[in-house]
file coords.txt (compact mmCIF, C-alpha atoms and all ligand atoms)
# COMPACT_ATOMS: atom_id res chain seq x y z
CA MET A 5 -43.40 -41.39 -17.68
CA SER A 6 -41.32 -44.50 -18.36
CA LEU A 7 -37.57 -44.29 -18.02
CA THR A 8 -35.14 -44.78 -20.87
CA VAL A 9 -32.49 -47.22 -19.74
CA ALA A 10 -29.18 -48.27 -21.27
CA PHE A 11 -27.49 -51.52 -20.22
CA LEU A 12 -23.79 -52.07 -20.88
CA GLY A 13 -22.08 -55.41 -20.23
CA LEU A 14 -24.15 -58.44 -21.21
CA GLY A 15 -22.06 -61.07 -19.40
CA ALA A 16 -23.10 -64.05 -17.29
CA ILE A 17 -25.01 -61.90 -14.80
CA GLY A 18 -25.58 -58.78 -16.91
CA ALA A 19 -27.59 -60.55 -19.61
CA PRO A 20 -30.29 -61.97 -17.28
CA MET A 21 -30.49 -58.60 -15.47
CA ALA A 22 -31.02 -56.80 -18.78
CA THR A 23 -33.64 -59.39 -19.74
CA HIS A 24 -35.81 -58.19 -16.84
CA LEU A 25 -35.39 -54.59 -17.97
CA ALA A 26 -36.42 -55.59 -21.51
CA ALA A 27 -39.60 -57.11 -20.08
CA GLY A 28 -40.33 -53.98 -18.02
CA PRO A 29 -41.84 -50.60 -18.91
CA PHE A 30 -38.55 -49.13 -20.12
CA GLY A 31 -37.12 -48.06 -23.43
CA LEU A 32 -34.00 -50.26 -23.45
CA ARG A 33 -30.72 -49.84 -25.36
CA VAL A 34 -27.90 -52.33 -24.97
CA TRP A 35 -24.18 -52.16 -25.66
CA ASN A 36 -21.57 -54.89 -25.28
CA ARG A 37 -17.84 -54.93 -26.09
CA THR A 38 -18.36 -58.00 -28.26
CA ALA A 39 -21.03 -56.47 -30.48
CA SER A 40 -22.51 -59.79 -31.63
CA ARG A 41 -23.76 -60.48 -28.08
CA ALA A 42 -25.59 -57.14 -27.93
CA ALA A 43 -27.01 -57.66 -31.43
CA ALA A 44 -28.35 -61.11 -30.51
CA PHE A 45 -29.80 -59.76 -27.24
CA ALA A 46 -31.48 -56.82 -29.00
CA THR A 47 -33.08 -59.11 -31.58
CA GLU A 48 -34.28 -61.61 -28.98
CA HIS A 49 -35.65 -59.07 -26.50
CA GLY A 50 -36.76 -56.17 -28.71
CA ALA A 51 -34.12 -53.74 -27.41
CA VAL A 52 -32.11 -51.20 -29.40
CA HIS A 53 -28.49 -52.18 -30.14
CA ALA A 54 -26.30 -49.13 -29.56
CA ALA A 55 -23.06 -48.83 -31.54
CA SER A 56 -21.08 -47.22 -28.72
CA PRO A 57 -21.33 -46.37 -25.01
CA ALA A 58 -22.01 -42.74 -26.01
CA GLU A 59 -24.89 -43.77 -28.27
CA ALA A 60 -26.35 -45.99 -25.54
CA ALA A 61 -26.14 -43.16 -23.00
CA ARG A 62 -27.56 -40.43 -25.25
CA GLY A 63 -31.04 -39.57 -23.94
CA ALA A 64 -30.95 -42.31 -21.30
CA ASP A 65 -32.25 -41.50 -17.81
CA VAL A 66 -30.34 -44.40 -16.28
CA VAL A 67 -27.24 -46.14 -17.60
CA VAL A 68 -26.56 -49.53 -16.00
CA THR A 69 -23.04 -50.96 -16.24
CA CYS A 70 -22.00 -54.51 -15.30
CA PHE A 71 -18.33 -55.16 -16.08
CA PRO A 72 -15.65 -57.25 -14.35
CA VAL A 73 -13.91 -54.37 -12.55
CA SER A 74 -14.42 -50.64 -11.85
CA ALA A 75 -11.46 -49.80 -14.08
CA ASP A 76 -13.50 -51.10 -17.04
CA VAL A 77 -16.23 -48.55 -16.23
CA GLU A 78 -13.71 -45.74 -15.78
CA ALA A 79 -12.07 -46.60 -19.12
CA LEU A 80 -15.40 -46.14 -20.92
CA LEU A 81 -16.01 -42.60 -19.68
CA ASP A 82 -13.83 -40.66 -22.09
CA GLY A 83 -13.44 -40.09 -25.82
CA PRO A 84 -15.96 -39.34 -28.56
CA GLU A 85 -17.57 -42.78 -28.10
CA GLY A 86 -17.37 -42.71 -24.30
CA LEU A 87 -20.18 -42.45 -21.75
CA LEU A 88 -19.50 -38.80 -20.89
CA ALA A 89 -20.08 -37.86 -24.53
CA GLY A 90 -23.63 -39.20 -24.27
CA LEU A 91 -24.72 -38.74 -20.65
CA ALA A 92 -26.99 -35.73 -20.10
CA LYS A 93 -27.25 -33.61 -16.97
CA GLY A 94 -29.66 -35.29 -14.53
CA ALA A 95 -28.93 -38.83 -15.77
CA VAL A 96 -27.66 -41.52 -13.38
CA LEU A 97 -24.93 -44.12 -13.86
CA LEU A 98 -25.98 -47.21 -11.91
CA ASP A 99 -22.86 -49.37 -11.71
CA CYS A 100 -23.67 -53.00 -10.92
CA THR A 101 -20.05 -54.07 -11.30
CA SER A 102 -18.63 -55.61 -8.11
CA GLY A 103 -16.23 -52.74 -8.02
CA ASP A 104 -13.71 -51.10 -5.72
CA PRO A 105 -14.62 -48.12 -3.54
CA ALA A 106 -11.67 -45.91 -4.53
CA THR A 107 -12.38 -46.10 -8.27
CA SER A 108 -16.13 -45.67 -7.69
CA LYS A 109 -15.45 -42.48 -5.73
CA ARG A 110 -13.26 -41.19 -8.59
CA ILE A 111 -15.95 -41.98 -11.17
CA ALA A 112 -18.66 -40.34 -9.02
CA ALA A 113 -16.58 -37.16 -8.69
CA ARG A 114 -16.02 -36.94 -12.45
CA LEU A 115 -19.69 -37.50 -13.23
CA ALA A 116 -20.79 -34.97 -10.61
CA LYS A 117 -18.92 -32.27 -12.57
CA ALA A 118 -21.20 -33.06 -15.53
CA GLY A 119 -24.33 -33.07 -13.32
CA VAL A 120 -24.64 -36.86 -13.61
CA GLY A 121 -25.45 -39.01 -10.56
CA PHE A 122 -23.59 -42.19 -9.64
CA LEU A 123 -24.46 -45.20 -7.51
CA ASP A 124 -22.30 -48.27 -6.92
CA ALA A 125 -24.83 -51.09 -6.85
CA PRO A 126 -23.21 -54.54 -6.90
CA VAL A 127 -25.51 -57.54 -6.75
CA SER A 128 -25.51 -60.91 -5.03
CA GLY A 129 -27.43 -64.14 -5.50
CA GLY A 130 -25.62 -65.39 -8.59
CA VAL A 131 -26.95 -66.20 -12.03
CA LYS A 132 -29.86 -68.15 -10.51
CA ALA A 133 -31.21 -65.06 -8.70
CA ALA A 134 -30.44 -62.87 -11.73
CA VAL A 135 -32.62 -65.13 -13.91
CA ALA A 136 -35.37 -65.14 -11.26
CA GLY A 137 -35.15 -61.35 -10.76
CA THR A 138 -34.46 -61.83 -7.06
CA LEU A 139 -30.98 -60.36 -6.68
CA THR A 140 -29.89 -58.55 -3.55
CA VAL A 141 -28.62 -55.10 -4.52
CA MET A 142 -26.26 -53.21 -2.18
CA VAL A 143 -26.12 -49.54 -2.96
CA GLY A 144 -23.62 -46.80 -2.21
CA GLY A 145 -24.49 -43.17 -2.90
CA ASP A 146 -27.09 -40.52 -2.39
CA ALA A 147 -30.55 -41.61 -1.09
CA ALA A 148 -32.42 -39.25 -3.43
CA THR A 149 -30.53 -40.63 -6.45
CA LEU A 150 -31.40 -44.16 -5.32
CA ALA A 151 -35.08 -43.20 -5.07
CA ARG A 152 -34.99 -41.95 -8.70
CA VAL A 153 -33.55 -45.17 -10.13
CA ARG A 154 -35.45 -47.51 -7.80
CA PRO A 155 -37.88 -48.74 -10.54
CA VAL A 156 -34.88 -49.89 -12.57
CA ILE A 157 -33.28 -51.74 -9.64
CA ASP A 158 -36.63 -53.29 -8.70
CA ALA A 159 -36.82 -54.90 -12.16
CA PHE A 160 -33.95 -57.28 -11.28
CA GLY A 161 -33.60 -56.91 -7.51
CA GLU A 162 -35.70 -58.24 -4.68
CA LYS A 163 -33.83 -56.88 -1.66
CA VAL A 164 -32.33 -53.42 -2.07
CA VAL A 165 -30.12 -52.15 0.75
CA HIS A 166 -28.75 -48.62 0.94
CA CYS A 167 -25.34 -49.26 2.52
CA GLY A 168 -24.01 -45.68 2.79
CA ALA A 169 -22.05 -43.19 0.70
CA VAL A 170 -20.46 -43.95 -2.71
CA GLY A 171 -18.18 -46.99 -2.33
CA ALA A 172 -20.16 -48.55 0.53
CA GLY A 173 -21.96 -50.98 -1.80
CA ASP A 174 -18.62 -52.09 -3.26
CA ALA A 175 -17.13 -52.55 0.21
CA VAL A 176 -20.03 -54.69 1.45
CA LYS A 177 -19.94 -56.83 -1.70
CA ALA A 178 -16.17 -57.39 -1.40
CA VAL A 179 -16.40 -58.45 2.25
CA ASN A 180 -19.36 -60.73 1.52
CA ASN A 181 -17.38 -62.43 -1.23
CA ALA A 182 -14.30 -62.72 0.97
CA LEU A 183 -16.53 -64.68 3.37
CA LEU A 184 -17.77 -66.84 0.47
CA ALA A 185 -14.16 -67.55 -0.51
CA LEU A 186 -13.23 -68.42 3.07
CA HIS A 187 -16.19 -70.80 3.32
CA ILE A 188 -15.34 -72.56 0.06
CA TRP A 189 -11.67 -72.96 1.01
CA SER A 190 -12.26 -74.08 4.61
CA THR A 191 -15.06 -76.47 3.66
CA ALA A 192 -12.82 -78.06 1.03
CA GLU A 193 -9.94 -78.45 3.50
CA GLY A 194 -12.32 -80.00 6.03
CA LEU A 195 -13.87 -82.45 3.58
CA VAL A 196 -10.50 -83.51 2.13
CA THR A 197 -9.31 -84.13 5.68
CA LEU A 198 -12.40 -86.19 6.53
CA ARG A 199 -12.12 -88.14 3.28
CA LYS A 200 -8.49 -89.04 4.12
CA ALA A 201 -9.73 -90.04 7.59
CA GLY A 202 -12.15 -92.44 5.90
CA VAL A 203 -15.42 -90.46 6.09
CA ASP A 204 -17.73 -90.26 3.07
CA PRO A 205 -18.19 -86.52 2.19
CA ALA A 206 -21.96 -86.99 1.83
CA VAL A 207 -22.06 -88.30 5.40
CA ALA A 208 -19.87 -85.43 6.60
CA LEU A 209 -22.11 -82.84 4.90
CA ASP A 210 -25.19 -84.53 6.36
CA VAL A 211 -23.78 -83.79 9.83
CA ILE A 212 -22.27 -80.35 9.10
CA ASN A 213 -25.45 -79.08 7.45
CA THR A 214 -27.48 -79.58 10.62
CA SER A 215 -24.60 -78.38 12.81
CA SER A 216 -22.78 -75.14 13.54
CA GLY A 217 -20.16 -75.46 10.77
CA ARG A 218 -22.70 -75.07 7.97
CA SER A 219 -22.70 -72.27 5.39
CA ASN A 220 -24.19 -71.60 1.97
CA SER A 221 -21.12 -73.36 0.60
CA SER A 222 -21.69 -76.54 2.61
CA MET A 223 -25.48 -76.47 2.17
CA ASN A 224 -25.68 -75.64 -1.53
CA LEU A 225 -22.41 -75.31 -3.43
CA PHE A 226 -20.75 -78.53 -2.25
CA PRO A 227 -23.82 -80.84 -2.60
CA GLU A 228 -24.82 -79.39 -6.00
CA ARG A 229 -21.44 -78.76 -7.58
CA VAL A 230 -18.61 -80.63 -5.82
CA ILE A 231 -20.14 -83.95 -4.74
CA THR A 232 -21.74 -84.25 -8.20
CA ARG A 233 -18.45 -83.09 -9.86
CA ALA A 234 -20.69 -80.90 -12.06
CA PHE A 235 -18.75 -77.65 -11.41
CA PRO A 236 -21.05 -75.52 -13.64
CA ARG A 237 -19.46 -72.26 -14.81
CA THR A 238 -21.63 -69.44 -13.43
CA PHE A 239 -19.22 -67.08 -11.65
CA ARG A 240 -15.60 -67.02 -12.71
CA LEU A 241 -12.87 -67.75 -10.18
CA ALA A 242 -11.04 -64.73 -11.67
CA LEU A 243 -13.89 -62.50 -10.44
CA LEU A 244 -13.93 -64.00 -6.94
CA ASP A 245 -10.14 -63.53 -6.78
CA LYS A 246 -10.73 -59.88 -7.73
CA ASP A 247 -13.41 -59.50 -5.01
CA VAL A 248 -11.25 -60.96 -2.23
CA GLY A 249 -8.41 -58.72 -3.40
CA ILE A 250 -10.69 -55.69 -3.02
CA ALA A 251 -11.72 -56.80 0.50
CA ALA A 252 -8.05 -57.24 1.44
CA GLN A 253 -7.23 -53.79 0.03
CA VAL A 254 -10.10 -52.12 1.92
CA ALA A 255 -9.05 -53.84 5.16
CA ARG A 256 -5.46 -52.59 4.69
CA GLU A 257 -6.70 -49.07 3.92
CA GLN A 258 -8.78 -49.15 7.09
CA GLN A 259 -5.71 -50.47 8.97
CA VAL A 260 -7.63 -53.49 10.22
CA PRO A 261 -5.50 -56.49 11.23
CA SER A 262 -6.99 -59.02 8.82
CA PRO A 263 -4.71 -62.07 8.46
CA LEU A 264 -7.53 -64.36 7.30
CA ILE A 265 -8.75 -62.03 4.56
CA GLN A 266 -5.18 -61.30 3.40
CA LEU A 267 -4.34 -65.03 3.29
CA THR A 268 -7.59 -65.85 1.48
CA ALA A 269 -6.70 -63.22 -1.14
CA GLU A 270 -3.30 -64.89 -1.66
CA LEU A 271 -4.81 -68.37 -1.86
CA PHE A 272 -7.44 -67.38 -4.40
CA GLN A 273 -4.82 -65.57 -6.48
CA ALA A 274 -2.82 -68.82 -6.57
CA ALA A 275 -5.91 -70.89 -7.49
CA HIS A 276 -6.85 -68.38 -10.21
CA ARG A 277 -3.32 -68.49 -11.65
CA ALA A 278 -3.35 -72.29 -11.67
CA LEU A 279 -6.87 -72.79 -13.08
CA GLY A 280 -7.06 -69.90 -15.56
CA GLU A 281 -9.56 -67.25 -16.61
CA GLU A 282 -12.55 -69.44 -17.43
CA ALA A 283 -12.64 -71.68 -14.32
CA ASP A 284 -15.66 -71.32 -12.04
CA HIS A 285 -15.13 -70.08 -8.47
CA VAL A 286 -16.09 -73.46 -6.98
CA GLU A 287 -13.35 -75.11 -9.04
CA ALA A 288 -10.94 -73.66 -6.44
CA VAL A 289 -11.84 -76.91 -4.65
CA LYS A 290 -9.93 -78.82 -7.36
CA PHE A 291 -6.83 -76.74 -6.56
CA ILE A 292 -7.13 -77.67 -2.86
CA GLU A 293 -7.64 -81.32 -3.79
CA GLY A 294 -4.51 -81.09 -5.93
CA LEU A 295 -2.47 -79.73 -3.01
CA ALA A 296 -3.71 -82.58 -0.81
CA GLY A 297 -3.38 -85.25 -3.51
CA GLN A 298 -6.89 -86.36 -2.61
CA GLU A 299 -10.27 -85.77 -4.23
CA ILE A 300 -13.21 -85.17 -1.89
CA VAL A 301 -15.48 -87.64 -3.69
CA PRO A 302 -14.76 -91.37 -3.20
P1 LIG B 1 -18.55 -62.03 -17.38
O1 LIG B 1 -17.09 -62.25 -17.46
O2 LIG B 1 -19.48 -63.15 -17.68
O3 LIG B 1 -18.97 -60.80 -18.34
C1 LIG B 1 -18.27 -59.61 -18.33
C2 LIG B 1 -18.96 -58.59 -19.23
O4 LIG B 1 -18.17 -57.39 -19.24
C3 LIG B 1 -19.08 -59.03 -20.67
O5 LIG B 1 -20.21 -58.39 -21.24
C4 LIG B 1 -17.78 -58.48 -21.27
O6 LIG B 1 -17.90 -58.23 -22.66
C5 LIG B 1 -17.69 -57.18 -20.57
N1 LIG B 1 -16.31 -56.68 -20.48
C6 LIG B 1 -15.23 -57.34 -19.96
N2 LIG B 1 -14.16 -56.53 -19.99
C7 LIG B 1 -14.56 -55.36 -20.58
C8 LIG B 1 -13.89 -54.15 -20.90
N3 LIG B 1 -12.60 -53.97 -20.61
N4 LIG B 1 -14.62 -53.18 -21.50
C9 LIG B 1 -15.93 -53.35 -21.77
N5 LIG B 1 -16.62 -54.47 -21.48
C10 LIG B 1 -15.93 -55.47 -20.88
O7 LIG B 1 -18.79 -61.45 -15.93
P2 LIG B 1 -20.12 -61.55 -15.03
O8 LIG B 1 -21.29 -61.12 -15.83
O9 LIG B 1 -20.15 -62.85 -14.33
O10 LIG B 1 -19.76 -60.45 -13.91
C11 LIG B 1 -19.95 -59.05 -14.12
C12 LIG B 1 -19.81 -58.37 -12.75
O11 LIG B 1 -20.81 -58.89 -11.87
C13 LIG B 1 -18.45 -58.66 -12.07
O12 LIG B 1 -18.01 -57.53 -11.36
C14 LIG B 1 -18.78 -59.82 -11.13
O13 LIG B 1 -17.87 -59.86 -10.03
C15 LIG B 1 -20.20 -59.46 -10.72
N6 LIG B 1 -21.02 -60.58 -10.25
C16 LIG B 1 -21.13 -61.76 -10.96
C17 LIG B 1 -21.89 -62.81 -10.47
C18 LIG B 1 -22.06 -64.10 -11.21
O14 LIG B 1 -22.66 -65.05 -10.62
N7 LIG B 1 -21.58 -64.25 -12.45
C19 LIG B 1 -22.59 -62.70 -9.18
C20 LIG B 1 -22.49 -61.40 -8.56
C21 LIG B 1 -21.71 -60.40 -9.07
P3 LIG B 1 -17.55 -59.35 -23.77
O15 LIG B 1 -18.86 -60.00 -24.10
O16 LIG B 1 -16.96 -58.59 -24.88
O17 LIG B 1 -16.55 -60.31 -23.14
call {"tool": "encode", "arguments": {"input": "coords.txt", "output": "structure tokens"}}
result
Amino acid sequence: MSLTVAFLGLGAIGAPMATHLAAGPFGLRVWNRTASRAAAFATEHGAVHAASPAEAARGADVVVTCFPVSADVEALLDGPEGLLAGLAKGAVLLDCTSGDPATSKRIAARLAKAGVGFLDAPVSGGVKAAVAGTLTVMVGGDAATLARVRPVIDAFGEKVVHCGAVGAGDAVKAVNNALLALHIWSTAEGLVTLRKAGVDPAVALDVINTSSGRSNSSMNLFPERVITRAFPRTFRLALLDKDVGIAAQVAREQQVPSPLIQLTAELFQAAHRALGEEADHVEAVKFIEGLAGQEIVP
């Protein structure tokens, strides 16, 4: 029997994920805070446009959420239009937000009282992998619950990893993104330095990318987005700032000496403040160039 699925949060990554669900063997309802986006999606993909989170959740086997932060999910639980008003016993909330473990645990505990399952299931791979349906999905929660929703995850995910109990998916995602942030920042510092020392950044990357200093940032992000000065807007700097902040918070909670992660959180907060809500994460490079008074590209 095919599952009825609701998808809430049709943003940069949510919309392509929901597109795969619309193409799959599911009855799909969509809800978005800005209703016009959900209406346009429903018309284009033959989904049902729900008027509220409660209406989307009513009768759904799986409710997928993809919002900026866990607090956005928590805020939609209550009230006559909230998720809890629609979720039935036995349903599962699959939260693909890159969230924080503490809030996810609170949400899971509240849903458990209503007999509703919860998985934190952040994704990685960016908009490109979301469009291709090849996201990596890192899941926290109960293995049996994961098995039940697996067909839904498989519609947009290629690699699905059960990371541990509720909150484990969020923690892995936050640390991964802290590493991404570190790579972007350190690569930018290195290339600005080399540029000031008279080395063409393309030449520098040619060496680094066959040497031990390489990373996804040096191999893909810098050649495609920085050297070209294209800086496409696919993943907001505000969201990466949030992710590094979560990693820093988890490290503090676990009492891990983590000067690099804490500093990276501060640096990305400063870049976010300077560049605003709509800047892409790779545009942090412009902030570093500004500090140095030197662009990377000749
Ligand atoms: P966007 O900012 O593009 O979209 C956010 C979505 O959430 C929109 O649908 C927005 O609705 C909705 N929303 C925002 N605030 C609220 C709120 N308070 N209540 C209800 N709905 C709200 O974000 P992304 O799609 O890029 O990111 C979503 C999540 O996925 C984030 O946690 C992000 O860190 C993560 N992620 C993103 C990746 C990317 O490449 N973009 C990669 C991997 C993970 P509205 O249309 O009204 O603004």
call {"tool": "closest_atom_pairs", "arguments": {"input": "coords.txt", "of": "chain A", "to": "ligand LIG 1 (chain B)", "cutoff": "6 Å", "atoms": "all atoms listed in the file", "output": "Markdown table"}}
result
| residue | atom | partner | partner_atom | distance |
| --- | --- | --- | --- | --- |
| A:Gly13 | CA | B:LIG1 | O5 | 3.7 |
| A:Leu14 | CA | B:LIG1 | O5 | 3.9 |
| A:Gly15 | CA | B:LIG1 | O3 | 3.3 |
| A:Ala16 | CA | B:LIG1 | O8 | 3.7 |
| A:Ile17 | CA | B:LIG1 | O8 | 3.9 |
| A:Gly18 | CA | B:LIG1 | O8 | 5.0 |
| A:Asn36 | CA | B:LIG1 | O5 | 5.5 |
| A:Arg37 | CA | B:LIG1 | O16 | 4.0 |
| A:Thr38 | CA | B:LIG1 | O16 | 3.7 |
| A:Cys70 | CA | B:LIG1 | C12 | 5.1 |
| A:Phe71 | CA | B:LIG1 | O4 | 3.9 |
| A:Pro72 | CA | B:LIG1 | O12 | 3.8 |
| A:Val73 | CA | B:LIG1 | O12 | 5.3 |
| A:Asp76 | CA | B:LIG1 | N3 | 4.7 |
| A:Thr101 | CA | B:LIG1 | O12 | 4.0 |
| A:Ser102 | CA | B:LIG1 | O12 | 3.8 |
| A:Val127 | CA | B:LIG1 | C20 | 5.2 |
| A:Ser128 | CA | B:LIG1 | C20 | 4.7 |
| A:Gly130 | CA | B:LIG1 | O14 | 3.6 |
| A:Val131 | CA | B:LIG1 | O14 | 4.7 |
| A:Thr238 | CA | B:LIG1 | N7 | 5.3 |
| A:Phe239 | CA | B:LIG1 | N7 | 3.8 |
| A:Leu243 | CA | B:LIG1 | O13 | 4.8 |
call {"tool": "atom_distance", "arguments": {"input": "coords.txt", "atom1": "CA of Leu183 in chain A", "atom2": "CA of Glu270 in chain A"}}
result
14.2 Å
call {"tool": "closest_residue", "arguments": {"input": "coords.txt", "among": "A:Gly86, A:Gly161, A:Gly63, A:Gly194", "to": "Ala22 in chain A", "atoms": "all atoms listed in the file"}}
result
A:Gly161
call {"tool": "closest_residue", "arguments": {"input": "coords.txt", "among": "A:Leu7, A:Val77, A:Leu241, A:Met21", "to": "Leu139 in chain A", "atoms": "only C-alpha atoms"}}
result
A:Met21
call {"tool": "residues_around", "arguments": {"input": "coords.txt", "residues": "Gly168 in chain A", "least_positions_apart": "4", "cutoff": "9 Å", "atoms": "all atoms listed in the file", "output": "count of residues only"}}
result
7
call {"tool": "atom_distance", "arguments": {"input": "coords.txt", "atom1": "CA of Ala60 in chain A", "atom2": "CA of Leu91 in chain A"}}
result
8.9 Å
call {"tool": "closest_residue", "arguments": {"input": "coords.txt", "among": "A:Leu80, A:Ala39, A:Ala58, A:Val9", "to": "Leu98 in chain A", "atoms": "all atoms listed in the file"}}
result
A:Val9
call {"tool": "residues_near_point", "arguments": {"input": "coords.txt", "point": "(-6.9, -69.5, -9.0)", "cutoff": "8 Å", "atoms": "all atoms listed in the file", "output": "list of chain:residue names"}}
result
A:Leu241, A:Ala242, A:Asp245, A:Leu271, A:Phe272, A:Gln273, A:Ala274, A:Ala275, A:His276, A:Arg277, A:Ala278, A:Leu279, A:Gly280, A:Ala288, A:Phe291
call {"tool": "build_atoms", "arguments": {"input": "coords.txt", "residues": "range 156-167 of chain A", "atoms": "N, CA, C and O atoms", "output": "mmCIF file, in the coordinates of the input"}}
result
data_model
loop_
_atom_site.group_PDB
_atom_site.id
_atom_site.type_symbol
_atom_site.label_atom_id
_atom_site.label_comp_id
_atom_site.auth_asym_id
_atom_site.auth_seq_id
_atom_site.Cartn_x
_atom_site.Cartn_y
_atom_site.Cartn_z
ATOM 1 N N VAL A 156 -35.819 -49.101 -11.752
ATOM 2 C CA VAL A 156 -34.880 -49.890 -12.570
ATOM 3 C C VAL A 156 -34.294 -51.023 -11.731
ATOM 4 O O VAL A 156 -34.254 -52.183 -12.158
ATOM 5 N N ILE A 157 -33.867 -50.709 -10.512
ATOM 6 C CA ILE A 157 -33.280 -51.740 -9.640
ATOM 7 C C ILE A 157 -34.334 -52.796 -9.314
ATOM 8 O O ILE A 157 -34.035 -53.999 -9.290
ATOM 9 N N ASP A 158 -35.567 -52.345 -9.082
ATOM 10 C CA ASP A 158 -36.630 -53.290 -8.700
ATOM 11 C C ASP A 158 -36.925 -54.303 -9.819
ATOM 12 O O ASP A 158 -37.484 -55.375 -9.551
ATOM 13 N N ALA A 159 -36.563 -53.965 -11.051
ATOM 14 C CA ALA A 159 -36.820 -54.900 -12.160
ATOM 15 C C ALA A 159 -35.985 -56.172 -12.025
ATOM 16 O O ALA A 159 -36.413 -57.246 -12.438
ATOM 17 N N PHE A 160 -34.784 -56.070 -11.432
ATOM 18 C CA PHE A 160 -33.950 -57.280 -11.280
ATOM 19 C C PHE A 160 -33.619 -57.606 -9.835
ATOM 20 O O PHE A 160 -33.054 -58.653 -9.541
ATOM 21 N N GLY A 161 -33.952 -56.692 -8.917
ATOM 22 C CA GLY A 161 -33.600 -56.910 -7.510
ATOM 23 C C GLY A 161 -34.820 -57.194 -6.660
ATOM 24 O O GLY A 161 -35.921 -56.719 -6.948
ATOM 25 N N GLU A 162 -34.613 -57.979 -5.622
ATOM 26 C CA GLU A 162 -35.700 -58.240 -4.680
ATOM 27 C C GLU A 162 -35.447 -57.473 -3.385
ATOM 28 O O GLU A 162 -36.312 -56.822 -2.848
ATOM 29 N N LYS A 163 -34.206 -57.581 -2.892
ATOM 30 C CA LYS A 163 -33.830 -56.880 -1.660
ATOM 31 C C LYS A 163 -32.842 -55.786 -2.048
ATOM 32 O O LYS A 163 -31.801 -56.069 -2.635
ATOM 33 N N VAL A 164 -33.196 -54.555 -1.730
ATOM 34 C CA VAL A 164 -32.330 -53.420 -2.070
ATOM 35 C C VAL A 164 -31.914 -52.756 -0.756
ATOM 36 O O VAL A 164 -32.766 -52.352 0.026
ATOM 37 N N VAL A 165 -30.608 -52.694 -0.520
ATOM 38 C CA VAL A 165 -30.120 -52.150 0.750
ATOM 39 C C VAL A 165 -29.216 -50.946 0.476
ATOM 40 O O VAL A 165 -28.228 -51.054 -0.260
ATOM 41 N N HIS A 166 -29.601 -49.816 1.052
ATOM 42 C CA HIS A 166 -28.750 -48.620 0.940
ATOM 43 C C HIS A 166 -27.667 -48.739 2.013
ATOM 44 O O HIS A 166 -27.956 -48.666 3.206
ATOM 45 N N CYS A 167 -26.419 -48.936 1.566
ATOM 46 C CA CYS A 167 -25.340 -49.260 2.520
ATOM 47 C C CYS A 167 -24.615 -48.021 3.050
ATOM 48 O O CYS A 167 -23.928 -48.098 4.063
#
